[in-house]
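start.cif follows (mmCIF, C-alpha atoms (C1' of nucleotides)):
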```
data_upload
loop_
_atom_site.label_atom_id
_atom_site.label_comp_id
_atom_site.auth_asym_id
_atom_site.auth_seq_id
_atom_site.Cartn_x
_atom_site.Cartn_y
_atom_site.Cartn_z
CA MET A 263 -91.06 -36.06 84.39
CA PHE A 264 -94.09 -34.25 83.02
CA LYS A 265 -96.61 -34.67 85.82
CA LEU A 266 -99.05 -32.99 88.13
CA ASN A 267 -97.60 -32.19 91.51
CA LYS A 268 -98.39 -34.46 94.43
CA MET A 269 -100.65 -32.01 96.22
CA THR A 270 -102.88 -31.79 93.17
CA ASP A 271 -102.96 -35.52 92.86
CA TYR A 272 -103.79 -35.83 96.58
CA ALA A 273 -106.53 -33.22 96.23
CA ILE A 274 -108.21 -35.25 93.52
CA VAL A 275 -108.04 -38.37 95.66
CA CYS A 276 -109.55 -36.52 98.63
CA ILE A 277 -112.40 -35.20 96.54
CA CYS A 278 -113.05 -38.65 95.13
CA ILE A 279 -113.39 -39.96 98.66
CA LEU A 280 -115.85 -37.22 99.59
CA SER A 281 -117.85 -37.91 96.47
CA LYS A 282 -118.58 -41.44 97.66
CA LYS A 283 -120.31 -40.22 100.82
CA MET A 284 -122.24 -37.11 100.03
CA ASP A 285 -124.86 -37.73 102.73
CA ARG A 286 -122.71 -36.60 105.65
CA PHE A 287 -119.64 -34.62 106.69
CA ILE A 288 -116.35 -36.51 106.44
CA ASN A 289 -113.54 -35.26 108.62
CA ALA A 290 -109.87 -34.95 107.76
CA GLN A 291 -108.93 -37.95 109.84
CA GLU A 292 -111.30 -40.20 107.96
CA ILE A 293 -110.05 -38.88 104.61
CA SER A 294 -106.47 -39.40 105.76
CA HIS A 295 -107.24 -42.97 106.70
CA GLU A 296 -109.05 -43.81 103.48
CA ALA A 297 -106.53 -42.07 101.24
CA GLY A 298 -103.39 -43.27 102.98
CA ILE A 299 -102.13 -39.69 103.15
CA SER A 300 -100.87 -38.22 106.44
CA LEU A 301 -103.40 -36.28 108.50
CA ALA A 302 -101.39 -33.05 108.46
CA THR A 303 -101.17 -33.12 104.70
CA VAL A 304 -104.88 -33.86 104.29
CA GLN A 305 -105.68 -30.96 106.62
CA LYS A 306 -103.50 -28.62 104.61
CA ILE A 307 -105.02 -29.68 101.31
CA MET A 308 -108.60 -29.52 102.52
CA LYS A 309 -108.12 -26.02 103.90
CA LEU A 310 -106.81 -24.96 100.52
CA ILE A 311 -109.61 -26.61 98.59
CA VAL A 312 -112.31 -25.06 100.76
CA SER A 313 -110.86 -21.59 100.39
CA LYS A 314 -110.58 -21.87 96.61
CA SER A 315 -113.51 -23.95 95.45
CA ASP A 316 -117.25 -23.43 95.31
CA PHE A 317 -118.25 -27.07 95.53
CA ILE A 318 -117.37 -27.94 99.09
CA THR A 319 -118.73 -27.05 102.53
CA ALA A 320 -116.79 -27.31 105.75
CA LEU A 321 -118.23 -27.64 109.21
CA ARG A 322 -116.24 -27.18 112.42
CA GLY A 323 -116.74 -28.83 115.74
CA SER A 324 -117.46 -32.40 116.65
CA SER A 325 -119.17 -34.33 113.88
CA GLY A 326 -117.82 -31.66 111.57
CA GLY A 327 -115.82 -32.21 108.41
CA TYR A 328 -116.22 -31.69 104.69
CA LYS A 329 -119.05 -32.32 102.27
CA LEU A 330 -119.35 -31.79 98.53
CA THR A 331 -122.14 -29.55 97.24
CA LYS A 332 -121.82 -30.80 93.67
CA LYS A 333 -122.02 -34.32 92.34
CA ALA A 334 -118.93 -36.09 91.07
CA ASN A 335 -120.05 -35.81 87.47
CA GLU A 336 -120.36 -32.02 87.81
CA ILE A 337 -116.77 -31.50 88.94
CA SER A 338 -114.22 -31.45 86.16
CA ILE A 339 -110.70 -32.42 87.09
CA ILE A 340 -109.43 -29.25 85.45
CA ASN A 341 -111.16 -27.34 88.28
CA ILE A 342 -109.09 -29.12 90.85
CA ILE A 343 -105.88 -28.93 88.88
CA GLU A 344 -106.13 -25.19 88.25
CA MET A 345 -107.28 -24.58 91.80
CA MET A 346 -104.21 -26.26 93.23
CA ASP A 347 -101.65 -25.51 90.58
CA GLY A 348 -102.70 -22.43 88.70
CA PRO A 349 -103.37 -22.36 84.98
CA VAL A 350 -102.41 -25.20 82.68
CA CYS A 351 -99.64 -23.69 80.58
CA ILE A 352 -97.23 -26.32 79.39
CA THR A 353 -94.69 -23.67 78.41
CA ASP A 354 -94.34 -19.95 79.01
CA CYS A 355 -95.16 -19.37 75.34
CA VAL A 356 -98.82 -20.05 75.99
CA ASP A 357 -102.09 -18.52 77.01
CA GLY A 358 -103.81 -15.19 76.97
CA ASN A 359 -100.56 -13.52 77.72
CA HIS A 360 -100.76 -10.70 75.22
CA GLU A 361 -98.11 -8.47 76.70
CA ARG A 362 -94.88 -8.62 74.80
CA CYS A 363 -91.65 -9.98 76.18
CA SER A 364 -89.18 -7.27 77.08
CA SER A 365 -86.36 -9.05 75.31
CA SER A 366 -88.16 -10.04 72.14
CA GLU A 367 -90.72 -8.73 69.72
CA ASN A 368 -92.52 -12.00 69.48
CA CYS A 369 -92.08 -15.67 70.21
CA PHE A 370 -91.80 -17.90 67.19
CA LEU A 371 -93.33 -20.85 69.03
CA GLU A 372 -96.17 -19.10 70.80
CA GLY A 373 -99.08 -19.82 68.47
CA ASN A 374 -98.46 -23.52 68.20
CA TRP A 375 -97.82 -24.12 71.87
CA ASN A 376 -101.21 -22.54 72.35
CA ASN A 377 -102.82 -25.18 70.18
CA ILE A 378 -101.16 -28.03 72.02
CA ASN A 379 -101.95 -26.50 75.37
CA MET A 380 -105.58 -26.08 74.42
CA ILE A 381 -105.93 -29.73 73.46
CA ILE A 382 -104.41 -30.85 76.74
CA ARG A 383 -106.57 -28.46 78.69
CA ASN A 384 -109.71 -29.64 76.89
CA THR A 385 -108.81 -33.23 77.64
CA LEU A 386 -108.52 -32.49 81.32
CA GLN A 387 -111.70 -30.45 81.23
CA SER A 388 -113.66 -33.28 79.66
CA TYR A 389 -113.03 -35.64 82.57
CA SER A 390 -115.05 -35.39 85.76
CA ILE A 391 -114.39 -36.91 89.15
CA ALA A 392 -117.11 -39.43 88.29
CA ASP A 393 -115.24 -40.47 85.15
CA LEU A 394 -112.08 -41.02 87.12
CA MET A 395 -113.90 -43.29 89.53
CA CYS A 396 -116.02 -45.30 87.15
CA SER A 397 -114.18 -48.59 87.63
CA ASP A 398 -114.73 -50.78 90.65
CA PRO A 399 -112.91 -49.41 93.65
CA ILE A 400 -110.84 -52.08 95.36
CA SER A 401 -108.88 -49.86 97.69
CA TYR A 402 -108.73 -46.15 98.27
CA LEU A 403 -105.11 -46.15 99.27
CA TYR A 404 -102.99 -43.73 97.36
CA LYS A 405 -100.46 -45.35 95.11
CA ASN A 406 -97.26 -43.48 95.50
CA HIS A 407 -94.47 -45.38 93.83
CA SER A 408 -92.93 -43.99 90.70
CA ASN A 409 -92.60 -45.32 87.18
CA GLU A 410 -89.29 -43.65 86.62
CA ASP A 411 -87.03 -46.57 87.52
CA GLU A 412 -88.82 -48.86 85.14
CA PHE A 413 -88.55 -46.30 82.38
CA ASN A 414 -84.83 -45.85 82.89
CA LYS A 415 -84.31 -49.58 82.60
CA MET A 416 -86.19 -49.57 79.31
CA GLU A 417 -84.00 -46.79 77.99
CA LEU A 418 -80.83 -48.79 78.57
CA SER A 419 -81.95 -52.02 76.99
CA MET B 139 -98.50 -24.78 87.45
CA PHE B 140 -98.77 -27.78 85.18
CA LYS B 141 -95.88 -27.24 82.77
CA LEU B 142 -92.84 -28.70 81.12
CA ASN B 143 -89.63 -27.85 82.90
CA LYS B 144 -87.43 -25.10 81.52
CA MET B 145 -84.68 -27.37 80.28
CA THR B 146 -87.14 -29.28 78.14
CA ASP B 147 -88.54 -26.06 76.79
CA TYR B 148 -85.02 -24.80 76.06
CA ALA B 149 -84.14 -28.08 74.34
CA ILE B 150 -87.06 -27.68 71.94
CA VAL B 151 -86.01 -24.13 71.16
CA CYS B 152 -82.42 -25.25 70.49
CA ILE B 153 -83.56 -28.00 68.15
CA CYS B 154 -85.84 -25.58 66.32
CA ILE B 155 -82.86 -23.35 65.72
CA LEU B 156 -80.79 -26.23 64.37
CA SER B 157 -83.63 -27.27 62.11
CA LYS B 158 -83.47 -23.93 60.30
CA LYS B 159 -79.86 -24.51 59.23
CA MET B 160 -79.37 -28.13 58.42
CA ASP B 161 -76.61 -27.48 55.87
CA ARG B 162 -73.84 -26.86 58.39
CA PHE B 163 -72.72 -27.34 61.99
CA ILE B 164 -74.03 -24.74 64.44
CA ASN B 165 -72.02 -24.28 67.61
CA ALA B 166 -73.31 -23.72 71.12
CA GLN B 167 -72.38 -20.05 71.07
CA GLU B 168 -74.49 -19.41 68.01
CA ILE B 169 -77.42 -21.31 69.48
CA SER B 170 -77.04 -19.38 72.73
CA HIS B 171 -77.11 -16.12 70.83
CA GLU B 172 -80.12 -16.99 68.72
CA ALA B 173 -82.09 -18.50 71.57
CA GLY B 174 -81.28 -15.90 74.19
CA ILE B 175 -80.24 -18.67 76.59
CA SER B 176 -76.89 -18.49 78.42
CA LEU B 177 -73.98 -20.31 76.78
CA ALA B 178 -73.35 -22.58 79.75
CA THR B 179 -76.94 -23.71 79.78
CA VAL B 180 -76.99 -24.32 76.03
CA GLN B 181 -73.80 -26.38 76.35
CA LYS B 182 -75.33 -28.46 79.11
CA ILE B 183 -78.52 -29.07 77.18
CA MET B 184 -76.80 -29.93 73.93
CA LYS B 185 -74.53 -32.45 75.62
CA LEU B 186 -77.60 -34.11 77.07
CA ILE B 187 -79.48 -34.13 73.79
CA VAL B 188 -76.57 -35.61 71.86
CA SER B 189 -76.09 -38.40 74.38
CA LYS B 190 -79.76 -39.33 74.38
CA SER B 191 -81.05 -38.75 70.87
CA ASP B 192 -80.48 -40.40 67.53
CA PHE B 193 -81.20 -37.39 65.37
CA ILE B 194 -78.24 -35.14 66.05
CA THR B 195 -74.54 -35.20 65.24
CA ALA B 196 -71.86 -33.33 67.12
CA LEU B 197 -68.47 -32.31 65.78
CA ARG B 198 -65.62 -31.05 67.96
CA GLY B 199 -62.88 -28.64 67.06
CA SER B 200 -62.98 -25.35 65.22
CA SER B 201 -65.93 -25.09 62.84
CA GLY B 202 -67.52 -27.82 64.91
CA GLY B 203 -70.96 -27.77 66.47
CA TYR B 204 -74.25 -29.58 66.11
CA LYS B 205 -76.30 -30.71 63.15
CA LEU B 206 -79.62 -32.51 62.86
CA THR B 207 -79.75 -35.77 60.94
CA LYS B 208 -83.52 -35.76 60.66
CA LYS B 209 -85.80 -33.13 59.24
CA ALA B 210 -87.99 -31.02 61.49
CA ASN B 211 -91.13 -32.82 60.39
CA GLU B 212 -89.62 -36.18 61.38
CA ILE B 213 -88.94 -35.17 64.97
CA SER B 214 -91.94 -35.38 67.31
CA ILE B 215 -91.87 -33.13 70.30
CA ILE B 216 -92.65 -36.13 72.50
CA ASN B 217 -89.16 -37.41 71.63
CA ILE B 218 -87.58 -34.32 73.09
CA ILE B 219 -89.87 -34.18 76.10
CA GLU B 220 -89.30 -37.80 77.09
CA MET B 221 -85.59 -37.51 76.36
CA MET B 222 -85.21 -34.58 78.73
CA ASP B 223 -87.83 -35.38 81.30
CA GLY B 224 -88.54 -39.07 81.25
CA PRO B 225 -91.91 -40.58 80.48
CA VAL B 226 -95.07 -38.52 80.33
CA CYS B 227 -97.01 -39.73 83.38
CA ILE B 228 -99.27 -37.04 84.71
CA THR B 229 -99.78 -38.97 87.94
CA ASP B 230 -98.13 -41.98 89.54
CA CYS B 231 -101.28 -43.98 88.80
CA VAL B 232 -100.32 -44.27 85.17
CA ASP B 233 -98.39 -46.28 82.65
CA GLY B 234 -97.24 -49.82 82.14
CA ASN B 235 -96.49 -50.05 85.77
CA HIS B 236 -97.93 -53.47 86.45
CA GLU B 237 -96.26 -54.15 89.75
CA ARG B 238 -98.58 -53.67 92.68
CA CYS B 239 -98.17 -51.03 95.31
CA SER B 240 -96.85 -52.40 98.58
CA SER B 241 -99.48 -50.55 100.58
CA SER B 242 -102.51 -51.23 98.43
CA GLU B 243 -104.00 -54.00 96.36
CA ASN B 244 -104.93 -51.71 93.55
CA CYS B 245 -105.42 -48.07 92.76
CA PHE B 246 -108.98 -47.02 92.13
CA LEU B 247 -107.94 -44.25 89.78
CA GLU B 248 -105.32 -46.07 87.78
CA GLY B 249 -107.28 -47.09 84.71
CA ASN B 250 -108.76 -43.71 84.03
CA TRP B 251 -105.60 -41.73 84.58
CA ASN B 252 -104.14 -44.01 81.94
CA ASN B 253 -106.76 -42.87 79.44
CA ILE B 254 -106.15 -39.22 80.14
CA ASN B 255 -102.42 -39.69 80.03
CA MET B 256 -102.64 -41.47 76.71
CA ILE B 257 -104.59 -38.66 75.13
CA ILE B 258 -102.08 -36.09 76.31
CA ARG B 259 -99.19 -38.22 75.15
CA ASN B 260 -100.77 -38.74 71.74
CA THR B 261 -101.31 -35.02 71.40
CA LEU B 262 -97.65 -34.34 72.08
CA GLN B 263 -96.63 -37.16 69.77
CA SER B 264 -98.67 -35.76 66.91
CA TYR B 265 -96.75 -32.48 66.83
CA SER B 266 -93.36 -32.25 65.15
CA ILE B 267 -90.74 -29.56 65.40
CA ALA B 268 -91.88 -28.42 61.96
CA ASP B 269 -95.44 -27.99 63.24
CA LEU B 270 -94.23 -25.87 66.11
CA MET B 271 -92.38 -23.58 63.74
CA CYS B 272 -94.90 -23.22 60.97
CA SER B 273 -95.75 -19.57 61.63
CA ASP B 274 -93.55 -16.72 60.46
CA PRO B 275 -90.57 -16.40 62.75
CA ILE B 276 -90.05 -12.82 63.86
CA SER B 277 -87.48 -13.40 66.55
CA TYR B 278 -85.79 -16.46 67.90
CA LEU B 279 -85.41 -15.07 71.36
CA TYR B 280 -86.74 -17.25 74.10
CA LYS B 281 -89.72 -15.79 75.87
CA ASN B 282 -89.24 -16.42 79.52
CA HIS B 283 -91.73 -14.43 81.47
CA SER B 284 -94.49 -16.24 83.26
CA ASN B 285 -98.25 -16.15 82.97
CA GLU B 286 -98.75 -16.81 86.61
CA ASP B 287 -99.07 -13.20 87.76
CA GLU B 288 -101.75 -12.47 85.23
CA PHE B 289 -103.67 -15.58 86.23
CA ASN B 290 -103.57 -14.70 89.90
CA LYS B 291 -105.00 -11.29 89.14
CA MET B 292 -107.85 -12.95 87.23
CA GLU B 293 -108.58 -15.21 90.18
CA LEU B 294 -109.04 -12.29 92.54
CA SER B 295 -111.36 -10.27 90.35
"C1'" DT C 285 -46.82 -30.56 64.55
"C1'" DT C 286 -48.73 -27.13 67.17
"C1'" DT C 287 -52.48 -24.45 68.60
"C1'" DA C 288 -56.94 -22.71 69.21
"C1'" DA C 289 -61.58 -23.88 69.26
"C1'" DA C 290 -65.07 -26.76 69.97
"C1'" DG C 291 -67.76 -30.54 72.39
"C1'" DA C 292 -67.75 -34.46 76.45
"C1'" DG C 293 -67.82 -35.60 80.98
"C1'" DT C 294 -68.25 -34.83 85.71
"C1'" DA C 295 -68.92 -32.68 89.96
"C1'" DC C 296 -70.45 -29.01 92.50
"C1'" DT C 297 -73.31 -24.93 94.08
"C1'" DA C 298 -77.24 -22.08 94.28
"C1'" DA C 299 -81.93 -21.17 93.83
"C1'" DA C 300 -86.58 -22.36 93.67
"C1'" DA C 301 -90.40 -25.17 94.48
"C1'" DA C 302 -92.73 -28.62 96.89
"C1'" DA C 303 -93.86 -31.08 100.85
"C1'" DG C 304 -94.43 -31.49 105.51
"C1'" DT C 305 -94.90 -29.66 110.44
"C1'" DA C 306 -96.39 -26.84 114.30
"C1'" DC C 307 -98.97 -23.71 116.64
"C1'" DT C 308 -102.74 -20.50 117.68
"C1'" DA C 309 -107.45 -18.97 116.76
"C1'" DT C 310 -112.20 -19.87 115.93
"C1'" DA C 311 -116.49 -22.35 115.49
"C1'" DT C 312 -119.69 -26.07 116.72
"C1'" DA C 313 -122.23 -29.83 118.79
"C1'" DA C 314 -122.87 -32.55 122.68
"C1'" DT D 204 -118.40 -25.89 129.41
"C1'" DT D 205 -115.69 -28.97 127.03
"C1'" DA D 206 -113.98 -31.76 123.46
"C1'" DT D 207 -113.46 -31.80 118.65
"C1'" DA D 208 -112.92 -30.13 114.30
"C1'" DT D 209 -111.63 -26.67 110.78
"C1'" DA D 210 -109.04 -21.88 109.62
"C1'" DG D 211 -105.14 -19.40 109.30
"C1'" DT D 212 -100.41 -18.62 109.33
"C1'" DA D 213 -95.65 -19.24 109.63
"C1'" DC D 214 -91.85 -22.07 109.56
"C1'" DT D 215 -88.64 -25.96 108.36
"C1'" DT D 216 -87.08 -29.57 105.65
"C1'" DT D 217 -86.55 -31.97 101.53
"C1'" DT D 218 -86.36 -32.43 96.76
"C1'" DT D 219 -85.88 -30.81 92.29
"C1'" DT D 220 -84.26 -27.70 89.00
"C1'" DA D 221 -81.12 -24.55 87.21
"C1'" DG D 222 -76.78 -22.81 86.72
"C1'" DT D 223 -71.52 -22.92 87.13
"C1'" DA D 224 -66.79 -24.56 86.92
"C1'" DC D 225 -63.26 -27.34 85.69
"C1'" DT D 226 -60.65 -30.94 83.23
"C1'" DC D 227 -60.39 -34.06 79.26
"C1'" DT D 228 -60.72 -35.18 74.36
"C1'" DT D 229 -61.27 -34.30 69.55
"C1'" DT D 230 -60.76 -31.68 65.38
"C1'" DA D 231 -59.43 -28.39 61.81
"C1'" DA D 232 -56.50 -24.96 60.45
"C1'" DA D 233 -52.20 -22.48 60.73
#
```

Would you write out, as structure tokens, the structure that this file holds?
Amino acid sequence: MFKLNKMTDYAIVCICILSKKMDRFINAQEISHEAGISLATVQKIMKLIVSKSDFITALRGSSGGYKLTKKANEISIINIIEMMDGPVCITDCVDGNHERCSSSENCFLEGNWNNINMIIRNTLQSYSIADLMCSDPISYLYKNHSNEDEFNKMELS
Amino acid sequence: MFKLNKMTDYAIVCICILSKKMDRFINAQEISHEAGISLATVQKIMKLIVSKSDFITALRGSSGGYKLTKKANEISIINIIEMMDGPVCITDCVDGNHERCSSSENCFLEGNWNNINMIIRNTLQSYSIADLMCSDPISYLYKNHSNEDEFNKMELS
DNA sequence: TTTAAAGAGTACTAAAAAAGTACTATATAA
DNA sequence: TTATATAGTACTTTTTTAGTACTCTTTAAA
């Protein structure tokens, strides 16, 4: 299944939660509770985000936690995706990789994968955290069941 | 890294190779040679493709092999991707998954992930095998080095 | 009719990646 | 000074992906 990995997905959820309460520091426990993600995992993700991003401040000690320094509409989801996952390259035949393959002179698919990749990347770039959250929030719990079973049933019928 | 898995990538390469020679059956060994992918892996992929797609014919015995029954411009790459990988759902909060999560009433990101997912899916749908191959082929060898190292260097600088 | 060559099907193994856990160090506010 | 929170690191487990091996079936040509 062509999808973002869970940690990236979690990271986006965590940042969404922070973006709702920019007036104070939110600690990992509170994020864990709101997101429905285990504390240990939230801690791991938040450490990673802080070390890699420029839009979050962490504070230690009691009444510490995390706070965004940019507004939700200033944070593109591509930032979070590439921070967690590395570059968006849907195949190896993509990107500013100008060095030639040792086993081939050139790749006959390279140029066109680049086009497709660019469109996908632009799509992700054009959405901010604010865009993702624009509908009415009913619950912040992370939805973690898969669509795969349903798809497989469809295939058979 | 947000990317298609290798088998899907290989499958597209194999089908591209078949699309260049629609007049006769091409066997797995020939595909393996042209694609630079091991024979065993090509065999595995081709078996999968035949069992799941409606645009390829297989013939056993000597002078057997595989042949496309549709032209390259009639095969969308989304067909191959979803055949190999299942549905394109960049997060779990996506798709015609109308059943509610057991742990939450609703997902506050669901609707907007659906939009993003749809755009990505449409992009992939709009490209055919012919589109992927439209530039001059220099070599059919599969390019399998990664961009990740180069990206990591960029990050540090 | 026999034989060699090809794909089909299945099960297994190995490798890689992802996810989760645990522990120590450091900083901060009360 | 103490309790609380993040930072850093290493490790383990689980899951997914990739690759291999073997037997069965079909087909065309000798």

Would you pick out the contacts of DT230 (chain D) at 9 Å or less, using all atoms listed in the file, so that residues sharing its chain but fewer than 4 positions from it are not included, and give the list as a list of chain:residue names?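 Residues meeting the cut-off are B:Leu197, B:Arg198, B:Gly199, B:Ser200, B:Ser201, B:Gly202, C:DA289, C:DA290.
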
| request: Could you jot down the CA of Asn379 (chain A) to CA of Arg259 (chain B) separation for me, Å, one decimal place? | output: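 Interatomic distance, CA of Asn379 (chain A) to CA of Arg259 (chain B): 12.0 Å.
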
I would like the residues chosen by the PyMOL selection byres ((chain B and resi 149-159) around 9) on the shown file; could you give them as a PyMOL selection string? (chain A and resi 371) or (chain B and resi 144-148+160-164+169-170+172-173+180+183-184+187+204-206+208-210+215+218-219+222+267-268+270-271+278+280)

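In terms of minimum interatomic distance to Ile352 (chain A), B:Met139 ranks closest within B:Ile257, B:Ile194, B:Met139, B:Ile175, counting all atoms listed in the file.
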
TODO: Within 9 Å of chain A, which residues of chain C are there when counting all atoms listed in the file? Please give them as an MDAnalysis selection string.
DONE: chainID C and resid 302:305 311:314

- Item | Atomic distance C1' of DA292 (chain C) - CA of Thr195 (chain B), expressed in Å with one decimal |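 For C1' of DA292 (chain C) relative to CA of Thr195 (chain B), the distance reads 13.1 Å.
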
**Item:** Contact set, chain D to chain A: 12 Å, all atoms listed in the file, as a ChimeraX atom specification
**Value:** /D:205-212,219-220

As a check of understanding: the span from CA of Met221 (chain B) to CA of Cys351 (chain A) is 20.2 Å

Using only C-alpha atoms (C1' of nucleotides), which residues sit within 10 Å of DA306 (chain C) once same-chain residues fewer than 3 positions away are excluded, as a ChimeraX atom specification?
-> /A:302 /D:213-215

Those residues you just picked out, can you put them in a file as a tab-separated table (two decimals), in the frame of the given file with C-alpha atoms (C1' of nucleotides)?
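Generated file (again-v3.tsv):
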```tsv
chain	number	residue	atom	x	y	z
A	302	ALA	CA	-101.39	-33.05	108.46
D	213	DA	C1'	-95.65	-19.24	109.63
D	214	DC	C1'	-91.85	-22.07	109.56
D	215	DT	C1'	-88.64	-25.96	108.36
```

Using the chain letters and numbers from the file, which residues does the PyMOL selection byres ((chain A and resi 384) around 12) grab, as a VMD selection string? (chain A and resid 338 to 341 350 376 to 383 385 to 390) or (chain B and resid 254 257 to 258 261)

Go ahead and write the selection's residues with C-alpha atoms as a CSV table (one decimal), in the frame of the given file.
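Output file part-v2.csv is given in full below:
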```csv
chain,number,residue,atom,x,y,z
A,338,SER,CA,-114.2,-31.4,86.2
A,339,ILE,CA,-110.7,-32.4,87.1
A,340,ILE,CA,-109.4,-29.2,85.4
A,341,ASN,CA,-111.2,-27.3,88.3
A,350,VAL,CA,-102.4,-25.2,82.7
A,376,ASN,CA,-101.2,-22.5,72.4
A,377,ASN,CA,-102.8,-25.2,70.2
A,378,ILE,CA,-101.2,-28.0,72.0
A,379,ASN,CA,-102.0,-26.5,75.4
A,380,MET,CA,-105.6,-26.1,74.4
A,381,ILE,CA,-105.9,-29.7,73.5
A,382,ILE,CA,-104.4,-30.8,76.7
A,383,ARG,CA,-106.6,-28.5,78.7
A,385,THR,CA,-108.8,-33.2,77.6
A,386,LEU,CA,-108.5,-32.5,81.3
A,387,GLN,CA,-111.7,-30.4,81.2
A,388,SER,CA,-113.7,-33.3,79.7
A,389,TYR,CA,-113.0,-35.6,82.6
A,390,SER,CA,-115.0,-35.4,85.8
B,254,ILE,CA,-106.2,-39.2,80.1
B,257,ILE,CA,-104.6,-38.7,75.1
B,258,ILE,CA,-102.1,-36.1,76.3
B,261,THR,CA,-101.3,-35.0,71.4
```
